[in-house]
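One file, entry.txt, carrying compact mmCIF, C-alpha atoms:
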```
# COMPACT_ATOMS: atom_id res chain seq x y z
CA MET A 1 -99.51 -112.54 103.04
CA TYR A 2 -99.40 -110.65 99.75
CA VAL A 3 -100.91 -107.56 101.36
CA ILE A 4 -98.45 -107.71 104.27
CA GLN A 5 -95.58 -107.95 101.79
CA GLN A 6 -96.85 -104.84 100.04
CA LEU A 7 -97.17 -103.03 103.38
CA ILE A 8 -93.47 -103.65 103.97
CA ASN A 9 -92.77 -102.10 100.58
CA VAL A 10 -94.98 -99.15 101.55
CA LEU A 11 -92.94 -98.58 104.71
CA GLN A 12 -89.70 -98.71 102.72
CA LEU A 13 -90.76 -96.26 100.01
CA GLY A 14 -92.71 -94.07 102.44
CA SER A 15 -89.66 -93.70 104.65
CA VAL A 16 -87.65 -92.30 101.73
CA TYR A 17 -90.46 -89.93 100.74
CA ALA A 18 -90.89 -88.77 104.34
CA LEU A 19 -87.19 -87.97 104.81
CA ILE A 20 -87.16 -85.83 101.66
CA ALA A 21 -90.51 -84.20 102.45
CA LEU A 22 -89.17 -83.10 105.83
CA GLY A 23 -86.61 -80.91 104.08
CA TYR A 24 -89.33 -79.13 102.11
CA THR A 25 -91.60 -78.62 105.10
CA MET A 26 -88.86 -77.40 107.48
CA VAL A 27 -87.57 -74.75 105.09
CA TYR A 28 -91.07 -73.58 104.27
CA GLY A 29 -92.00 -73.46 107.94
CA ILE A 30 -89.05 -71.18 108.73
CA ILE A 31 -88.70 -68.80 105.78
CA ARG A 32 -91.81 -69.55 103.67
CA LEU A 33 -89.68 -70.76 100.76
CA ILE A 34 -90.37 -73.80 98.61
CA ASN A 35 -86.84 -75.09 98.08
CA PHE A 36 -87.32 -76.71 94.67
CA ALA A 37 -83.61 -77.61 94.65
CA HIS A 38 -84.17 -80.06 97.50
CA GLY A 39 -84.83 -83.02 95.21
CA ASP A 40 -81.50 -82.36 93.51
CA LEU A 41 -79.75 -82.26 96.89
CA PHE A 42 -81.18 -85.73 97.44
CA MET A 43 -79.57 -86.69 94.12
CA VAL A 44 -76.24 -85.14 95.17
CA GLY A 45 -76.33 -87.24 98.34
CA ALA A 46 -76.70 -90.38 96.23
CA PHE A 47 -73.78 -89.40 93.99
CA ILE A 48 -71.53 -88.51 96.93
CA SER A 49 -72.19 -91.98 98.35
CA PHE A 50 -71.34 -93.42 94.94
CA VAL A 51 -68.03 -91.52 94.78
CA VAL A 52 -67.05 -92.43 98.34
CA ALA A 53 -67.95 -96.10 97.90
CA ALA A 54 -66.54 -96.54 94.39
CA TYR A 55 -63.30 -94.59 94.66
CA LEU A 56 -62.46 -94.46 98.38
CA LYS A 57 -63.78 -97.99 99.02
CA LEU A 58 -65.27 -97.01 102.37
CA PRO A 59 -67.96 -99.11 104.09
CA PHE A 60 -71.56 -98.06 104.61
CA ILE A 61 -71.41 -96.04 107.85
CA PRO A 62 -68.50 -93.74 106.82
CA THR A 63 -70.12 -93.33 103.41
CA LEU A 64 -73.41 -92.33 105.01
CA LEU A 65 -71.76 -89.88 107.42
CA ILE A 66 -69.66 -88.24 104.70
CA SER A 67 -72.74 -87.84 102.50
CA ILE A 68 -74.74 -86.28 105.33
CA VAL A 69 -72.02 -83.78 106.24
CA ALA A 70 -71.23 -82.87 102.62
CA VAL A 71 -74.86 -82.33 101.61
CA ALA A 72 -75.65 -80.44 104.83
CA MET A 73 -72.73 -78.09 104.16
CA LEU A 74 -73.88 -77.68 100.57
CA GLY A 75 -77.40 -76.88 101.72
CA VAL A 76 -76.17 -74.24 104.17
CA SER A 77 -73.91 -72.73 101.50
CA ILE A 78 -76.78 -72.53 99.02
CA GLU A 79 -78.95 -70.79 101.61
CA ARG A 80 -76.26 -68.23 102.42
CA LEU A 81 -75.27 -67.50 98.82
CA ALA A 82 -78.54 -67.87 96.92
CA TYR A 83 -81.50 -67.51 99.29
CA LYS A 84 -80.36 -65.13 102.03
CA PRO A 85 -79.99 -62.09 99.70
CA LEU A 86 -83.59 -62.64 98.56
CA ARG A 87 -85.36 -62.77 101.92
CA GLN A 88 -86.90 -59.34 101.40
CA ALA A 89 -87.47 -59.85 97.66
CA PRO A 90 -90.80 -60.98 96.14
CA ARG A 91 -91.39 -64.68 96.69
CA VAL A 92 -91.34 -65.41 92.98
CA SER A 93 -87.67 -64.33 92.90
CA ALA A 94 -86.75 -66.92 95.53
CA VAL A 95 -88.75 -69.62 93.72
CA ILE A 96 -86.99 -68.90 90.42
CA THR A 97 -83.64 -68.95 92.22
CA ALA A 98 -84.46 -72.33 93.79
CA LEU A 99 -85.31 -73.74 90.36
CA GLY A 100 -82.05 -72.31 89.01
CA VAL A 101 -80.04 -73.89 91.82
CA GLY A 102 -81.64 -77.24 91.02
CA LEU A 103 -80.73 -76.94 87.34
CA PHE A 104 -77.19 -75.95 88.30
CA LEU A 105 -76.78 -79.05 90.50
CA GLU A 106 -78.18 -81.33 87.82
CA ASN A 107 -75.86 -80.00 85.12
CA LEU A 108 -72.86 -79.97 87.47
CA ILE A 109 -73.29 -83.69 88.14
CA LEU A 110 -74.10 -84.27 84.47
CA LEU A 111 -70.74 -82.72 83.58
CA PHE A 112 -68.89 -85.49 85.45
CA TYR A 113 -71.38 -88.36 85.13
CA PRO A 114 -73.41 -88.04 81.91
CA TYR A 115 -74.63 -91.63 82.07
CA PRO A 116 -76.39 -93.67 84.80
CA ARG A 117 -73.96 -95.21 87.26
CA PRO A 118 -74.25 -98.48 89.22
CA VAL A 119 -73.73 -97.97 92.94
CA PRO A 120 -71.53 -100.46 94.82
CA THR A 121 -73.42 -102.64 97.28
CA LEU A 122 -72.45 -101.62 100.80
CA LEU A 123 -74.87 -103.74 102.82
CA PRO A 124 -75.16 -107.51 103.20
CA LYS A 125 -77.83 -109.13 101.03
CA ILE A 126 -79.66 -110.87 103.84
CA VAL A 127 -83.30 -111.86 103.31
CA TRP A 128 -85.54 -113.38 105.97
CA ASN A 129 -88.57 -115.47 105.03
CA LEU A 130 -91.23 -115.39 107.73
CA GLY A 131 -94.33 -117.38 106.92
CA GLY A 132 -94.21 -116.56 103.24
CA ILE A 133 -93.23 -112.93 103.81
CA SER A 134 -89.78 -111.83 102.60
CA ILE A 135 -88.04 -108.93 104.28
CA SER A 136 -84.46 -107.92 103.61
CA PHE A 137 -81.84 -106.41 105.88
CA LEU A 138 -81.86 -103.31 103.65
CA GLN A 139 -85.61 -102.82 104.13
CA VAL A 140 -85.28 -103.17 107.89
CA LEU A 141 -82.43 -100.67 107.90
CA ILE A 142 -84.26 -98.12 105.73
CA ILE A 143 -87.45 -98.30 107.81
CA GLY A 144 -85.70 -98.42 111.18
CA LEU A 145 -83.15 -95.68 110.48
CA SER A 146 -85.76 -93.40 108.93
CA LEU A 147 -88.16 -93.75 111.86
CA PHE A 148 -85.29 -93.17 114.29
CA LEU A 149 -84.17 -89.99 112.49
CA MET A 150 -87.74 -88.71 112.26
CA LEU A 151 -88.20 -89.30 115.99
CA ILE A 152 -84.95 -87.47 116.75
CA LEU A 153 -86.00 -84.55 114.55
CA ASP A 154 -89.40 -84.37 116.22
CA LEU A 155 -87.73 -84.30 119.64
CA ILE A 156 -85.30 -81.60 118.50
CA VAL A 157 -88.09 -79.37 117.23
CA ARG A 158 -90.37 -79.87 120.21
CA ARG A 159 -88.00 -80.35 123.15
CA THR A 160 -84.84 -78.28 122.58
CA MET A 161 -83.97 -74.58 122.61
CA VAL A 162 -83.03 -74.75 118.92
CA GLY A 163 -86.42 -76.25 118.15
CA MET A 164 -88.13 -73.57 120.20
CA ALA A 165 -86.25 -70.93 118.21
CA MET A 166 -87.35 -72.60 114.95
CA ARG A 167 -90.97 -72.53 116.03
CA ALA A 168 -90.66 -68.93 117.19
CA ILE A 169 -89.19 -67.81 113.84
CA SER A 170 -91.95 -69.66 112.04
CA TRP A 171 -94.52 -67.82 114.16
CA ASN A 172 -93.02 -64.32 114.05
CA LYS A 173 -89.63 -63.74 112.43
CA THR A 174 -89.66 -60.02 113.26
CA ILE A 175 -89.86 -60.34 117.04
CA VAL A 176 -87.41 -63.23 117.51
CA PRO A 177 -84.18 -61.17 116.99
CA LEU A 178 -85.30 -58.83 119.79
CA MET A 179 -85.10 -61.82 122.14
CA GLY A 180 -81.43 -62.42 121.34
CA VAL A 181 -81.94 -65.27 118.88
CA SER A 182 -79.74 -65.32 115.78
CA VAL A 183 -82.18 -65.84 112.90
CA ASP A 184 -79.37 -66.55 110.42
CA LYS A 185 -77.95 -69.27 112.65
CA ILE A 186 -81.32 -70.98 113.14
CA ILE A 187 -82.07 -70.86 109.42
CA SER A 188 -78.67 -72.43 108.69
CA ILE A 189 -79.36 -75.19 111.23
CA THR A 190 -82.74 -75.79 109.59
CA PHE A 191 -81.16 -76.14 106.16
CA ALA A 192 -78.46 -78.43 107.55
CA LEU A 193 -81.01 -80.72 109.19
CA GLY A 194 -83.33 -80.80 106.19
CA THR A 195 -80.64 -81.42 103.59
CA GLY A 196 -78.89 -83.92 105.86
CA LEU A 197 -82.08 -85.99 105.98
CA GLY A 198 -82.28 -85.70 102.20
CA ALA A 199 -78.76 -87.09 101.99
CA VAL A 200 -79.77 -90.09 104.13
CA ALA A 201 -82.68 -90.69 101.75
CA GLY A 202 -80.30 -90.45 98.78
CA VAL A 203 -77.88 -93.00 100.22
CA MET A 204 -80.67 -95.40 101.16
CA TYR A 205 -82.41 -95.03 97.81
CA SER A 206 -79.17 -95.67 95.92
CA GLN A 207 -78.71 -98.90 97.84
CA ALA A 208 -82.29 -100.04 97.24
CA PHE A 209 -82.26 -99.02 93.55
CA PRO A 210 -78.54 -99.14 92.73
CA VAL A 211 -78.48 -97.24 89.43
CA ILE A 212 -78.40 -93.47 89.75
CA ASP A 213 -78.42 -90.59 87.28
CA PRO A 214 -78.29 -86.77 87.50
CA TYR A 215 -82.04 -86.41 86.90
CA MET A 216 -83.20 -88.88 89.54
CA GLY A 217 -84.08 -86.11 91.98
CA ILE A 218 -86.65 -84.40 89.76
CA LEU A 219 -89.58 -86.81 89.97
CA ILE A 220 -88.80 -88.01 93.48
CA GLY A 221 -88.40 -84.42 94.62
CA TRP A 222 -91.80 -83.46 93.23
CA GLN A 223 -93.39 -86.50 94.83
CA ALA A 224 -91.85 -85.64 98.19
CA PHE A 225 -93.04 -82.04 97.82
CA ILE A 226 -96.57 -83.31 97.23
CA CYS A 227 -96.21 -85.45 100.37
CA ALA A 228 -95.33 -82.31 102.34
CA VAL A 229 -98.29 -80.40 100.91
CA VAL A 230 -100.78 -83.21 101.53
CA GLY A 231 -99.58 -83.71 105.09
CA GLY A 232 -99.63 -79.96 105.74
CA ILE A 233 -96.70 -77.88 104.48
CA GLY A 234 -94.77 -76.54 107.45
CA ASN A 235 -95.91 -79.38 109.72
CA ILE A 236 -93.20 -81.96 110.43
CA ARG A 237 -95.52 -84.77 111.42
CA GLY A 238 -97.68 -83.97 108.42
CA ALA A 239 -94.70 -84.46 106.09
CA MET A 240 -94.05 -87.87 107.63
CA LEU A 241 -97.70 -88.86 107.26
CA GLY A 242 -97.85 -87.58 103.69
CA GLY A 243 -94.84 -89.67 102.71
CA TYR A 244 -96.45 -92.90 103.85
CA ILE A 245 -99.83 -92.00 102.32
CA LEU A 246 -98.35 -91.41 98.87
CA ALA A 247 -96.24 -94.56 99.10
CA ALA A 248 -99.28 -96.60 100.16
CA VAL A 249 -101.33 -95.38 97.22
CA GLN A 250 -98.54 -95.99 94.70
CA ILE A 251 -97.63 -99.46 95.97
CA MET A 252 -101.22 -100.65 96.27
CA VAL A 253 -102.11 -99.39 92.80
CA VAL A 254 -99.17 -101.30 91.30
CA ALA A 255 -100.11 -104.38 93.36
CA PHE A 256 -103.71 -104.57 92.17
CA LEU A 257 -103.86 -102.51 88.94
CA PRO A 258 -101.63 -102.01 85.88
CA SER A 259 -98.51 -100.06 86.83
CA THR A 260 -99.33 -97.33 84.28
CA TYR A 261 -102.18 -96.24 86.57
CA ARG A 262 -99.84 -95.57 89.50
CA ASP A 263 -99.27 -91.84 89.21
CA PHE A 264 -102.74 -91.14 87.81
CA VAL A 265 -104.54 -92.77 90.75
CA ALA A 266 -102.09 -91.43 93.32
CA PHE A 267 -102.27 -87.81 92.27
CA THR A 268 -106.02 -87.94 91.68
CA LEU A 269 -106.52 -89.15 95.25
CA LEU A 270 -104.19 -86.47 96.56
CA LEU A 271 -106.09 -83.79 94.64
CA VAL A 272 -109.30 -85.05 96.24
CA ILE A 273 -107.69 -84.82 99.68
CA LEU A 274 -106.58 -81.24 99.03
CA THR A 275 -110.05 -80.34 97.79
CA PHE A 276 -111.48 -81.11 101.22
CA ARG A 277 -108.34 -80.23 103.22
CA PRO A 278 -106.63 -77.40 101.27
CA TYR A 279 -104.14 -76.83 104.08
CA GLY A 280 -103.20 -80.50 104.26
CA ILE A 281 -104.22 -83.25 106.62
CA LEU A 282 -102.40 -81.82 109.65
CA GLY A 283 -101.97 -78.26 108.36
CA LYS A 284 -103.78 -75.23 109.75
CA PRO A 285 -104.71 -71.98 108.02
CA GLN A 286 -102.41 -69.12 109.03
CA ALA A 287 -103.78 -65.64 109.44
CA GLU A 288 -101.66 -62.92 107.85
CA LYS A 289 -101.29 -59.48 109.37
CA VAL A 290 -102.39 -56.69 107.07
```
Show this structure as structure tokens.
Amino acid sequence: MYVIQQLINVLQLGSVYALIALGYTMVYGIIRLINFAHGDLFMVGAFISFVVAAYLKLPFIPTLLISIVAVAMLGVSIERLAYKPLRQAPRVSAVITALGVGLFLENLILLFYPYPRPVPTLLPKIVWNLGGISISFLQVLIIGLSLFLMLILDLIVRRTMVGMAMRAISWNKTIVPLMGVSVDKIISITFALGTGLGAVAGVMYSQAFPVIDPYMGILIGWQAFICAVVGGIGNIRGAMLGGYILAAVQIMVVAFLPSTYRDFVAFTLLLVILTFRPYGILGKPQAEKV
């Protein structure tokens, strides 16, 4: 029973990691950019939900929708203003810009909320006990909603014209405009989808761990980035898989070993995986034209 209880915790944490990791992997797959500001967009989503819930007194669903729309618009704006002018610049310029955007978001939120803030509870505190296993309504919602959104994203990428355009740009960005596809539009849609999923993760995380601060996105963002790399950066299903793998390692280490070993064991295992699979579990080496 104890192991099953920990597996439920793995699914909860892994769902949050996977939603954030999808933002990293989608952006990289389209424009080969590691958006290091993505973890801070996750944080912004949590703070928007806090503002909407605390000051506007709105229930969960409107709060979630407002957070998704606001963060998606912010993500698209950042791409247009900060990343688009650097598409032809050396990659290091875009990476430095992404780090700068993250610092800007952190300090912007810090200006208004310099101390950790408690988030109002928006969901009923219902807990079911099934044969010695406890599962809450919040856990069911996080796992179910995350899996649903990941399924929808997978269908969009694989079954729609927009998804076909995304995959085409990822394969050859030079040829796609000759086929009448607006690269700028598809990149904006990609940023909107990725940051919108990050906002969902932020709202869910703030309900599960209801004290937020402006620096909460740093560590979680790096962990989600590692999930994307381990699963295969640029591969959507790989990002999902990587999220649950990292969560499983962290939860099981805490369950059976001292909690101080959590990150050490987790990242050591992930380094071992990358030693044998440098392109990630589901990633594939990409040949570059020279």
- Query: Neighbours of A:Ser77 within 12 Å (all atoms listed in the file; same-chain residues fewer than 6 positions away dropped), as a PyMOL selection string?
  - Reply: chain A and resi 70-71+83-84+101+187-189+191-192+195
Nearest residue to A:Arg32 out of A:Leu149, A:Val183, A:Met161, A:Ile233, using all atoms listed in the file?
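Nearest to A:Arg32: A:Ile233.
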Practice prompt. Point out the residue among A:Ile143, A:Ile218, A:Met150, A:Arg117 with the least atom-to-atom distance to A:Gly14, counting all atoms listed in the file.
Written response: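 Nearest candidate to A:Gly14 out of A:Ile143, A:Ile218, A:Met150, A:Arg117: A:Ile143.
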Atom CA of A:Leu274 sits from atom CA of A:Ala247 at a separation of 16.9 Å
_As an exercise, work out the distance from atom CA of A:Tyr244 to atom CA of A:Thr260 in Å and give it to one decimal place._
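Atom-to-atom, atom CA of A:Tyr244 to atom CA of A:Thr260, that is 20.3 Å.
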Atom CA of A:Arg80 sits from atom CA of A:Asp184 at a separation of 8.7 Å
Polymer residues at most 7 Å from A:Gly234, only C-alpha atoms, same-chain spacing of 2 or more positions, as a VMD selection string | chain A and resid 25 to 26 28 to 29 232 236
Reconstruct N, CA and C atoms of stretch 193-225 of chain A from the incomplete input and present them as an mmCIF file, in the frame of the given file.
```cif
data_model
loop_
_atom_site.group_PDB
_atom_site.id
_atom_site.type_symbol
_atom_site.label_atom_id
_atom_site.label_comp_id
_atom_site.auth_asym_id
_atom_site.auth_seq_id
_atom_site.Cartn_x
_atom_site.Cartn_y
_atom_site.Cartn_z
ATOM 1 N N LEU A 193 -80.221 -79.558 108.792
ATOM 2 C CA LEU A 193 -81.010 -80.720 109.190
ATOM 3 C C LEU A 193 -81.825 -81.266 108.017
ATOM 4 N N GLY A 194 -82.491 -80.361 107.297
ATOM 5 C CA GLY A 194 -83.330 -80.800 106.190
ATOM 6 C C GLY A 194 -82.547 -81.454 105.073
ATOM 7 N N THR A 195 -81.437 -80.839 104.672
ATOM 8 C CA THR A 195 -80.640 -81.420 103.590
ATOM 9 C C THR A 195 -79.893 -82.663 104.057
ATOM 10 N N GLY A 196 -79.522 -82.713 105.334
ATOM 11 C CA GLY A 196 -78.890 -83.920 105.860
ATOM 12 C C GLY A 196 -79.826 -85.121 105.789
ATOM 13 N N LEU A 197 -81.101 -84.904 106.108
ATOM 14 C CA LEU A 197 -82.080 -85.990 105.980
ATOM 15 C C LEU A 197 -82.261 -86.376 104.513
ATOM 16 N N GLY A 198 -82.213 -85.385 103.622
ATOM 17 C CA GLY A 198 -82.280 -85.700 102.200
ATOM 18 C C GLY A 198 -81.110 -86.551 101.746
ATOM 19 N N ALA A 199 -79.925 -86.282 102.317
ATOM 20 C CA ALA A 199 -78.760 -87.090 101.990
ATOM 21 C C ALA A 199 -78.932 -88.536 102.448
ATOM 22 N N VAL A 200 -79.497 -88.724 103.647
ATOM 23 C CA VAL A 200 -79.770 -90.090 104.130
ATOM 24 C C VAL A 200 -80.708 -90.804 103.157
ATOM 25 N N ALA A 201 -81.753 -90.096 102.716
ATOM 26 C CA ALA A 201 -82.680 -90.690 101.750
ATOM 27 C C ALA A 201 -81.958 -91.044 100.459
ATOM 28 N N GLY A 202 -81.039 -90.175 100.005
ATOM 29 C CA GLY A 202 -80.300 -90.450 98.780
ATOM 30 C C GLY A 202 -79.427 -91.685 98.885
ATOM 31 N N VAL A 203 -78.740 -91.834 100.009
ATOM 32 C CA VAL A 203 -77.880 -93.000 100.220
ATOM 33 C C VAL A 203 -78.722 -94.279 100.271
ATOM 34 N N MET A 204 -79.809 -94.221 101.032
ATOM 35 C CA MET A 204 -80.670 -95.400 101.160
ATOM 36 C C MET A 204 -81.306 -95.769 99.817
ATOM 37 N N TYR A 205 -81.772 -94.774 99.104
ATOM 38 C CA TYR A 205 -82.410 -95.030 97.810
ATOM 39 C C TYR A 205 -81.416 -95.639 96.825
ATOM 40 N N SER A 206 -80.183 -95.149 96.841
ATOM 41 C CA SER A 206 -79.170 -95.670 95.920
ATOM 42 C C SER A 206 -78.776 -97.099 96.256
ATOM 43 N N GLN A 207 -78.966 -97.508 97.499
ATOM 44 C CA GLN A 207 -78.710 -98.900 97.840
ATOM 45 C C GLN A 207 -79.900 -99.800 97.470
ATOM 46 N N ALA A 208 -81.105 -99.256 97.588
ATOM 47 C CA ALA A 208 -82.290 -100.040 97.240
ATOM 48 C C ALA A 208 -82.477 -100.147 95.730
ATOM 49 N N PHE A 209 -82.149 -99.052 95.017
ATOM 50 C CA PHE A 209 -82.260 -99.020 93.550
ATOM 51 C C PHE A 209 -80.906 -98.565 93.008
ATOM 52 N N PRO A 210 -79.960 -99.500 92.875
ATOM 53 C CA PRO A 210 -78.540 -99.140 92.730
ATOM 54 C C PRO A 210 -78.085 -98.673 91.351
ATOM 55 N N VAL A 211 -78.907 -97.918 90.654
ATOM 56 C CA VAL A 211 -78.480 -97.240 89.430
ATOM 57 C C VAL A 211 -78.964 -95.803 89.532
ATOM 58 N N ILE A 212 -78.048 -94.866 89.526
ATOM 59 C CA ILE A 212 -78.400 -93.470 89.750
ATOM 60 C C ILE A 212 -78.025 -92.631 88.532
ATOM 61 N N ASP A 213 -78.726 -91.498 88.378
ATOM 62 C CA ASP A 213 -78.420 -90.590 87.280
ATOM 63 C C ASP A 213 -78.686 -89.160 87.747
ATOM 64 N N PRO A 214 -78.165 -88.157 87.038
ATOM 65 C CA PRO A 214 -78.290 -86.770 87.500
ATOM 66 C C PRO A 214 -79.713 -86.227 87.564
ATOM 67 N N TYR A 215 -80.658 -86.904 86.918
ATOM 68 C CA TYR A 215 -82.040 -86.410 86.900
ATOM 69 C C TYR A 215 -82.948 -87.187 87.851
ATOM 70 N N MET A 216 -82.386 -88.041 88.667
ATOM 71 C CA MET A 216 -83.200 -88.880 89.540
ATOM 72 C C MET A 216 -83.948 -88.081 90.599
ATOM 73 N N GLY A 217 -83.449 -86.901 90.926
ATOM 74 C CA GLY A 217 -84.080 -86.110 91.980
ATOM 75 C C GLY A 217 -85.305 -85.345 91.545
ATOM 76 N N ILE A 218 -85.545 -85.242 90.233
ATOM 77 C CA ILE A 218 -86.650 -84.400 89.760
ATOM 78 C C ILE A 218 -87.994 -84.990 90.155
ATOM 79 N N LEU A 219 -88.283 -86.205 89.679
ATOM 80 C CA LEU A 219 -89.580 -86.810 89.970
ATOM 81 C C LEU A 219 -89.745 -87.123 91.447
ATOM 82 N N ILE A 220 -88.704 -87.684 92.059
ATOM 83 C CA ILE A 220 -88.800 -88.010 93.480
ATOM 84 C C ILE A 220 -88.945 -86.748 94.314
ATOM 85 N N GLY A 221 -88.264 -85.681 93.907
ATOM 86 C CA GLY A 221 -88.400 -84.420 94.620
ATOM 87 C C GLY A 221 -89.813 -83.866 94.547
ATOM 88 N N TRP A 222 -90.421 -83.931 93.359
ATOM 89 C CA TRP A 222 -91.800 -83.460 93.230
ATOM 90 C C TRP A 222 -92.757 -84.319 94.045
ATOM 91 N N GLN A 223 -92.527 -85.627 94.043
ATOM 92 C CA GLN A 223 -93.390 -86.500 94.830
ATOM 93 C C GLN A 223 -93.272 -86.212 96.322
ATOM 94 N N ALA A 224 -92.045 -85.974 96.773
ATOM 95 C CA ALA A 224 -91.850 -85.640 98.190
ATOM 96 C C ALA A 224 -92.476 -84.291 98.527
ATOM 97 N N PHE A 225 -92.398 -83.340 97.600
ATOM 98 C CA PHE A 225 -93.040 -82.040 97.820
ATOM 99 C C PHE A 225 -94.544 -82.204 97.968
#
```
